[in-house]
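Engineer: Got a structure here, written out as structure tokens. Questions coming.
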Amino acid sequence: MGASFPDPASLPVQPPHVARVPGRCFLIVCHDGPGAPALRVRDLEGHLAHVEAHWRRYVTAGPLRLPGQDDLVGSMFLVLADSEDDARTLMAGDPYFTNGQYARVDVWEQTLSIGLVPGGRIWESADAIRHRAAGGKVE
């Protein structure tokens, strides 16, 4: 883990209640297409320049592999954005998105609900989020 994360063994057993991370977050999963390895190598410097220039917009990002295998099969990006269009505009500046290496790109809005990034859990109780678990707001 990166230097900014505490040692998990030093954390309390039960996650503390924390404020929700402000803004919206989008999970972008990219599935490699034919020829992706050659395109990835060709455009590596441009890709790295893009993600480094915008690193404060990424919660995390990185390559994907099938369990137990070395070959890359895609990439994932967890980005902070005002909207799906904003997230797609950010990604459109990355050569990996314009070079044709991805056969499919899936975008989901993500809530950072629990873990080391939010620093605990964002809900106070099960009752407080039951309406969301049911698929929406309860009147």
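Each chain in the structure tokens gets a letter, A, B, ..., in the order shown, and its residues are numbered from 1; ligands are numbered from 1 in order too.
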Residues of chain A classed as alpha helix (DSSP H) by DSSP on the backbone are to be reported as a ChimeraX atom specification.
Structural biologist: /A:36-42,44-53,84-92,95-98,126-133
Engineer: Could you write those residues out with C-alpha atoms, as a PDB file, in the first residue's frame?
Structural biologist:
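Written file, selection.pdb:
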ATOM      1  CA  ALA A  36      -4.074  -3.746 -27.334  1.00  0.00           C
ATOM      2  CA  PRO A  37      -0.575  -4.727 -26.101  1.00  0.00           C
ATOM      3  CA  ALA A  38       1.174  -3.040 -29.041  1.00  0.00           C
ATOM      4  CA  LEU A  39      -1.016   0.066 -28.706  1.00  0.00           C
ATOM      5  CA  ARG A  40      -0.433   0.183 -24.950  1.00  0.00           C
ATOM      6  CA  VAL A  41       3.343   0.119 -25.426  1.00  0.00           C
ATOM      7  CA  ARG A  42       3.258   2.638 -28.291  1.00  0.00           C
ATOM      8  CA  LEU A  44       2.605   4.537 -22.815  1.00  0.00           C
ATOM      9  CA  GLU A  45       4.380   7.893 -22.425  1.00  0.00           C
ATOM     10  CA  GLY A  46       1.315   9.856 -23.532  1.00  0.00           C
ATOM     11  CA  HIS A  47      -0.922   7.844 -21.205  1.00  0.00           C
ATOM     12  CA  LEU A  48       1.410   8.376 -18.246  1.00  0.00           C
ATOM     13  CA  ALA A  49       1.677  12.103 -18.995  1.00  0.00           C
ATOM     14  CA  HIS A  50      -2.125  12.355 -19.019  1.00  0.00           C
ATOM     15  CA  VAL A  51      -2.746  10.490 -15.754  1.00  0.00           C
ATOM     16  CA  GLU A  52       0.112  12.304 -14.009  1.00  0.00           C
ATOM     17  CA  ALA A  53      -1.239  15.692 -15.151  1.00  0.00           C
ATOM     18  CA  GLU A  84     -20.550  11.083 -16.633  1.00  0.00           C
ATOM     19  CA  ASP A  85     -19.835  13.510 -19.474  1.00  0.00           C
ATOM     20  CA  ASP A  86     -17.117  15.161 -17.380  1.00  0.00           C
ATOM     21  CA  ALA A  87     -15.582  11.737 -16.653  1.00  0.00           C
ATOM     22  CA  ARG A  88     -15.672  10.807 -20.344  1.00  0.00           C
ATOM     23  CA  THR A  89     -14.129  14.168 -21.295  1.00  0.00           C
ATOM     24  CA  LEU A  90     -11.287  13.547 -18.858  1.00  0.00           C
ATOM     25  CA  MET A  91     -10.703  10.090 -20.295  1.00  0.00           C
ATOM     26  CA  ALA A  92     -10.871  11.371 -23.895  1.00  0.00           C
ATOM     27  CA  PRO A  95      -4.221   8.300 -25.647  1.00  0.00           C
ATOM     28  CA  TYR A  96      -5.292   4.891 -24.373  1.00  0.00           C
ATOM     29  CA  PHE A  97      -8.891   5.988 -25.029  1.00  0.00           C
ATOM     30  CA  THR A  98      -8.283   7.417 -28.460  1.00  0.00           C
ATOM     31  CA  ALA A 126     -28.531   0.263   8.394  1.00  0.00           C
ATOM     32  CA  ASP A 127     -31.810   2.135   8.867  1.00  0.00           C
ATOM     33  CA  ALA A 128     -30.215   5.321   7.537  1.00  0.00           C
ATOM     34  CA  ILE A 129     -29.454   3.682   4.163  1.00  0.00           C
ATOM     35  CA  ARG A 130     -32.234   1.096   3.889  1.00  0.00           C
ATOM     36  CA  HIS A 131     -34.051   3.226   1.277  1.00  0.00           C
ATOM     37  CA  ARG A 132     -30.932   3.206  -0.932  1.00  0.00           C
ATOM     38  CA  ALA A 133     -30.580  -0.575  -0.617  1.00  0.00           C
TER      39      ALA A 133
END
Engineer: Would you kindly return, as a list in words, each protein, DNA or RNA residue with an atom no farther than 10 Å from any atom of Arg104 (chain A), considering only C-alpha atoms and excluding same-chain residues fewer than 2 positions away?
Structural biologist: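 Returned residues: Val29, Cys30, His31, Asp32, Gly33, Gly74, Gly100, Gln101, Tyr102 and Asp106 of chain A.
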Engineer: Just the selected residues (N, CA and C atoms), exported as a compact mmCIF listing (two decimals), in the first residue's frame, please.
Structural biologist:
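Result saved to again_35.txt:
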# COMPACT_ATOMS: atom_id res chain seq x y z
N VAL A 29 -14.39 0.89 -16.51
CA VAL A 29 -13.73 -0.39 -16.77
C VAL A 29 -13.57 -0.55 -18.27
N CYS A 30 -12.33 -0.74 -18.70
CA CYS A 30 -12.00 -0.81 -20.11
C CYS A 30 -11.52 -2.21 -20.45
N HIS A 31 -12.12 -2.79 -21.46
CA HIS A 31 -11.81 -4.16 -21.88
C HIS A 31 -10.96 -4.08 -23.14
N ASP A 32 -9.76 -4.70 -23.10
CA ASP A 32 -8.86 -4.66 -24.25
C ASP A 32 -9.46 -5.31 -25.48
N GLY A 33 -9.11 -4.77 -26.63
CA GLY A 33 -9.47 -5.35 -27.92
C GLY A 33 -8.24 -5.94 -28.57
N GLY A 74 -7.18 -5.29 -19.68
CA GLY A 74 -7.91 -4.03 -19.66
C GLY A 74 -7.36 -3.10 -18.60
N GLY A 100 -7.79 3.22 -29.83
CA GLY A 100 -8.52 2.02 -30.25
C GLY A 100 -8.17 0.75 -29.51
N GLN A 101 -7.41 0.85 -28.42
CA GLN A 101 -7.02 -0.38 -27.72
C GLN A 101 -8.16 -1.01 -26.92
N TYR A 102 -9.17 -0.24 -26.59
CA TYR A 102 -10.27 -0.79 -25.81
C TYR A 102 -11.43 -1.18 -26.72
N ASP A 106 -17.02 0.44 -20.02
CA ASP A 106 -18.21 0.51 -19.17
C ASP A 106 -18.00 1.60 -18.13
Engineer: I'd like the neighbourhood of region 107-120 of chain A as a PyMOL selection string, where a residue qualifies if any of its atoms comes within 12 Å (using only C-alpha atoms), though same-chain residues fewer than 6 positions away should be ignored.
Structural biologist: chain A and resi 1-2+4-8+11-31+58-60+76-88+91+129+132
Engineer: Would you write out those residues with C-alpha atoms, as a PDB file, in the first residue's frame?
Structural biologist:
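Result file follows (selection.pdb):
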ATOM      1  CA  MET A   1       0.000   0.000   0.000  1.00  0.00           C
ATOM      2  CA  GLY A   2       1.024   3.588  -0.560  1.00  0.00           C
ATOM      3  CA  SER A   4      -0.592   7.636   2.685  1.00  0.00           C
ATOM      4  CA  PHE A   5      -2.473   4.602   3.999  1.00  0.00           C
ATOM      5  CA  PRO A   6      -2.183   3.498   7.606  1.00  0.00           C
ATOM      6  CA  ASP A   7      -1.185  -0.036   8.496  1.00  0.00           C
ATOM      7  CA  PRO A   8      -4.545  -1.920   8.523  1.00  0.00           C
ATOM      8  CA  LEU A  11      -6.953   0.551  12.613  1.00  0.00           C
ATOM      9  CA  PRO A  12      -9.975  -0.122  14.827  1.00  0.00           C
ATOM     10  CA  VAL A  13     -11.858  -3.366  14.212  1.00  0.00           C
ATOM     11  CA  GLN A  14     -15.097  -1.462  13.549  1.00  0.00           C
ATOM     12  CA  PRO A  15     -14.921   1.283  10.913  1.00  0.00           C
ATOM     13  CA  PRO A  16     -15.592   4.803  12.182  1.00  0.00           C
ATOM     14  CA  HIS A  17     -18.426   6.878  10.744  1.00  0.00           C
ATOM     15  CA  VAL A  18     -17.004   9.511   8.380  1.00  0.00           C
ATOM     16  CA  ALA A  19     -18.391  12.178   6.076  1.00  0.00           C
ATOM     17  CA  ARG A  20     -19.097  11.160   2.505  1.00  0.00           C
ATOM     18  CA  VAL A  21     -16.370  12.084   0.004  1.00  0.00           C
ATOM     19  CA  PRO A  22     -17.662  15.274  -1.660  1.00  0.00           C
ATOM     20  CA  GLY A  23     -18.619  15.172  -5.314  1.00  0.00           C
ATOM     21  CA  ARG A  24     -19.295  12.261  -7.627  1.00  0.00           C
ATOM     22  CA  CYS A  25     -17.119   9.307  -8.532  1.00  0.00           C
ATOM     23  CA  PHE A  26     -17.185   7.115 -11.647  1.00  0.00           C
ATOM     24  CA  LEU A  27     -15.764   3.643 -12.161  1.00  0.00           C
ATOM     25  CA  ILE A  28     -14.566   3.189 -15.736  1.00  0.00           C
ATOM     26  CA  VAL A  29     -13.728  -0.390 -16.766  1.00  0.00           C
ATOM     27  CA  CYS A  30     -11.999  -0.805 -20.115  1.00  0.00           C
ATOM     28  CA  HIS A  31     -11.808  -4.160 -21.882  1.00  0.00           C
ATOM     29  CA  TYR A  58      -8.103   9.696  -9.851  1.00  0.00           C
ATOM     30  CA  VAL A  59      -9.083   7.845  -6.685  1.00  0.00           C
ATOM     31  CA  THR A  60      -7.088   4.991  -8.187  1.00  0.00           C
ATOM     32  CA  MET A  76      -9.838   0.486 -14.562  1.00  0.00           C
ATOM     33  CA  PHE A  77     -10.086   4.106 -13.564  1.00  0.00           C
ATOM     34  CA  LEU A  78     -11.935   5.409 -10.516  1.00  0.00           C
ATOM     35  CA  VAL A  79     -12.295   9.131 -11.202  1.00  0.00           C
ATOM     36  CA  LEU A  80     -13.797  12.148  -9.514  1.00  0.00           C
ATOM     37  CA  ALA A  81     -16.039  14.033 -11.940  1.00  0.00           C
ATOM     38  CA  ASP A  82     -19.052  16.326 -11.925  1.00  0.00           C
ATOM     39  CA  SER A  83     -20.950  14.080 -14.340  1.00  0.00           C
ATOM     40  CA  GLU A  84     -20.550  11.083 -16.633  1.00  0.00           C
ATOM     41  CA  ASP A  85     -19.835  13.510 -19.474  1.00  0.00           C
ATOM     42  CA  ASP A  86     -17.117  15.161 -17.380  1.00  0.00           C
ATOM     43  CA  ALA A  87     -15.582  11.737 -16.653  1.00  0.00           C
ATOM     44  CA  ARG A  88     -15.672  10.807 -20.344  1.00  0.00           C
ATOM     45  CA  MET A  91     -10.703  10.090 -20.295  1.00  0.00           C
ATOM     46  CA  ILE A 129     -29.454   3.682   4.163  1.00  0.00           C
ATOM     47  CA  ARG A 132     -30.932   3.206  -0.932  1.00  0.00           C
TER      48      ARG A 132
END
Engineer: For the structure I just gave you, how does DSSP split chain A - specifically, which residues are strand (DSSP E or B)? Reply as a ChimeraX atom specification.
Structural biologist: /A:17,24-32,58-65,72-81,102-110,114-115,120-121
Engineer: Would you mind exporting the chosen residues as a PDB file, in the first residue's frame, restricted to C-alpha atoms?
Structural biologist:
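Saved to selection.pdb:
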ATOM      1  CA  HIS A  17     -18.426   6.878  10.744  1.00  0.00           C
ATOM      2  CA  ARG A  24     -19.295  12.261  -7.627  1.00  0.00           C
ATOM      3  CA  CYS A  25     -17.119   9.307  -8.532  1.00  0.00           C
ATOM      4  CA  PHE A  26     -17.185   7.115 -11.647  1.00  0.00           C
ATOM      5  CA  LEU A  27     -15.764   3.643 -12.161  1.00  0.00           C
ATOM      6  CA  ILE A  28     -14.566   3.189 -15.736  1.00  0.00           C
ATOM      7  CA  VAL A  29     -13.728  -0.390 -16.766  1.00  0.00           C
ATOM      8  CA  CYS A  30     -11.999  -0.805 -20.115  1.00  0.00           C
ATOM      9  CA  HIS A  31     -11.808  -4.160 -21.882  1.00  0.00           C
ATOM     10  CA  ASP A  32      -8.855  -4.662 -24.247  1.00  0.00           C
ATOM     11  CA  TYR A  58      -8.103   9.696  -9.851  1.00  0.00           C
ATOM     12  CA  VAL A  59      -9.083   7.845  -6.685  1.00  0.00           C
ATOM     13  CA  THR A  60      -7.088   4.991  -8.187  1.00  0.00           C
ATOM     14  CA  ALA A  61      -6.405   3.476 -11.585  1.00  0.00           C
ATOM     15  CA  GLY A  62      -4.455   0.608 -13.060  1.00  0.00           C
ATOM     16  CA  PRO A  63      -4.257  -2.374 -15.372  1.00  0.00           C
ATOM     17  CA  LEU A  64      -6.499  -5.430 -15.069  1.00  0.00           C
ATOM     18  CA  ARG A  65      -5.479  -9.082 -15.264  1.00  0.00           C
ATOM     19  CA  LEU A  72      -3.205  -7.449 -19.161  1.00  0.00           C
ATOM     20  CA  VAL A  73      -6.849  -7.618 -20.267  1.00  0.00           C
ATOM     21  CA  GLY A  74      -7.911  -4.033 -19.660  1.00  0.00           C
ATOM     22  CA  SER A  75      -7.761  -1.087 -17.300  1.00  0.00           C
ATOM     23  CA  MET A  76      -9.838   0.486 -14.562  1.00  0.00           C
ATOM     24  CA  PHE A  77     -10.086   4.106 -13.564  1.00  0.00           C
ATOM     25  CA  LEU A  78     -11.935   5.409 -10.516  1.00  0.00           C
ATOM     26  CA  VAL A  79     -12.295   9.131 -11.202  1.00  0.00           C
ATOM     27  CA  LEU A  80     -13.797  12.148  -9.514  1.00  0.00           C
ATOM     28  CA  ALA A  81     -16.039  14.033 -11.940  1.00  0.00           C
ATOM     29  CA  TYR A 102     -10.273  -0.791 -25.812  1.00  0.00           C
ATOM     30  CA  ALA A 103     -12.994  -2.931 -27.381  1.00  0.00           C
ATOM     31  CA  ARG A 104     -15.511  -1.901 -24.719  1.00  0.00           C
ATOM     32  CA  VAL A 105     -15.701   0.758 -22.021  1.00  0.00           C
ATOM     33  CA  ASP A 106     -18.214   0.507 -19.168  1.00  0.00           C
ATOM     34  CA  VAL A 107     -18.979   3.481 -16.908  1.00  0.00           C
ATOM     35  CA  TRP A 108     -20.758   3.307 -13.555  1.00  0.00           C
ATOM     36  CA  GLU A 109     -21.316   5.918 -10.900  1.00  0.00           C
ATOM     37  CA  GLN A 110     -19.685   4.751  -7.684  1.00  0.00           C
ATOM     38  CA  ILE A 114     -16.401   2.091   3.122  1.00  0.00           C
ATOM     39  CA  GLY A 115     -12.684   1.448   3.222  1.00  0.00           C
ATOM     40  CA  GLY A 120     -14.239   4.402   7.463  1.00  0.00           C
ATOM     41  CA  ARG A 121     -17.930   4.032   6.581  1.00  0.00           C
TER      42      ARG A 121
END
Engineer: What's the separation between CA of Asp43 (chain A) and CA of Asp94 (chain A), in Å to one decimal place?
Structural biologist: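 So the two atoms, CA of Asp43 (chain A) and CA of Asp94 (chain A), lie 9.3 Å apart.
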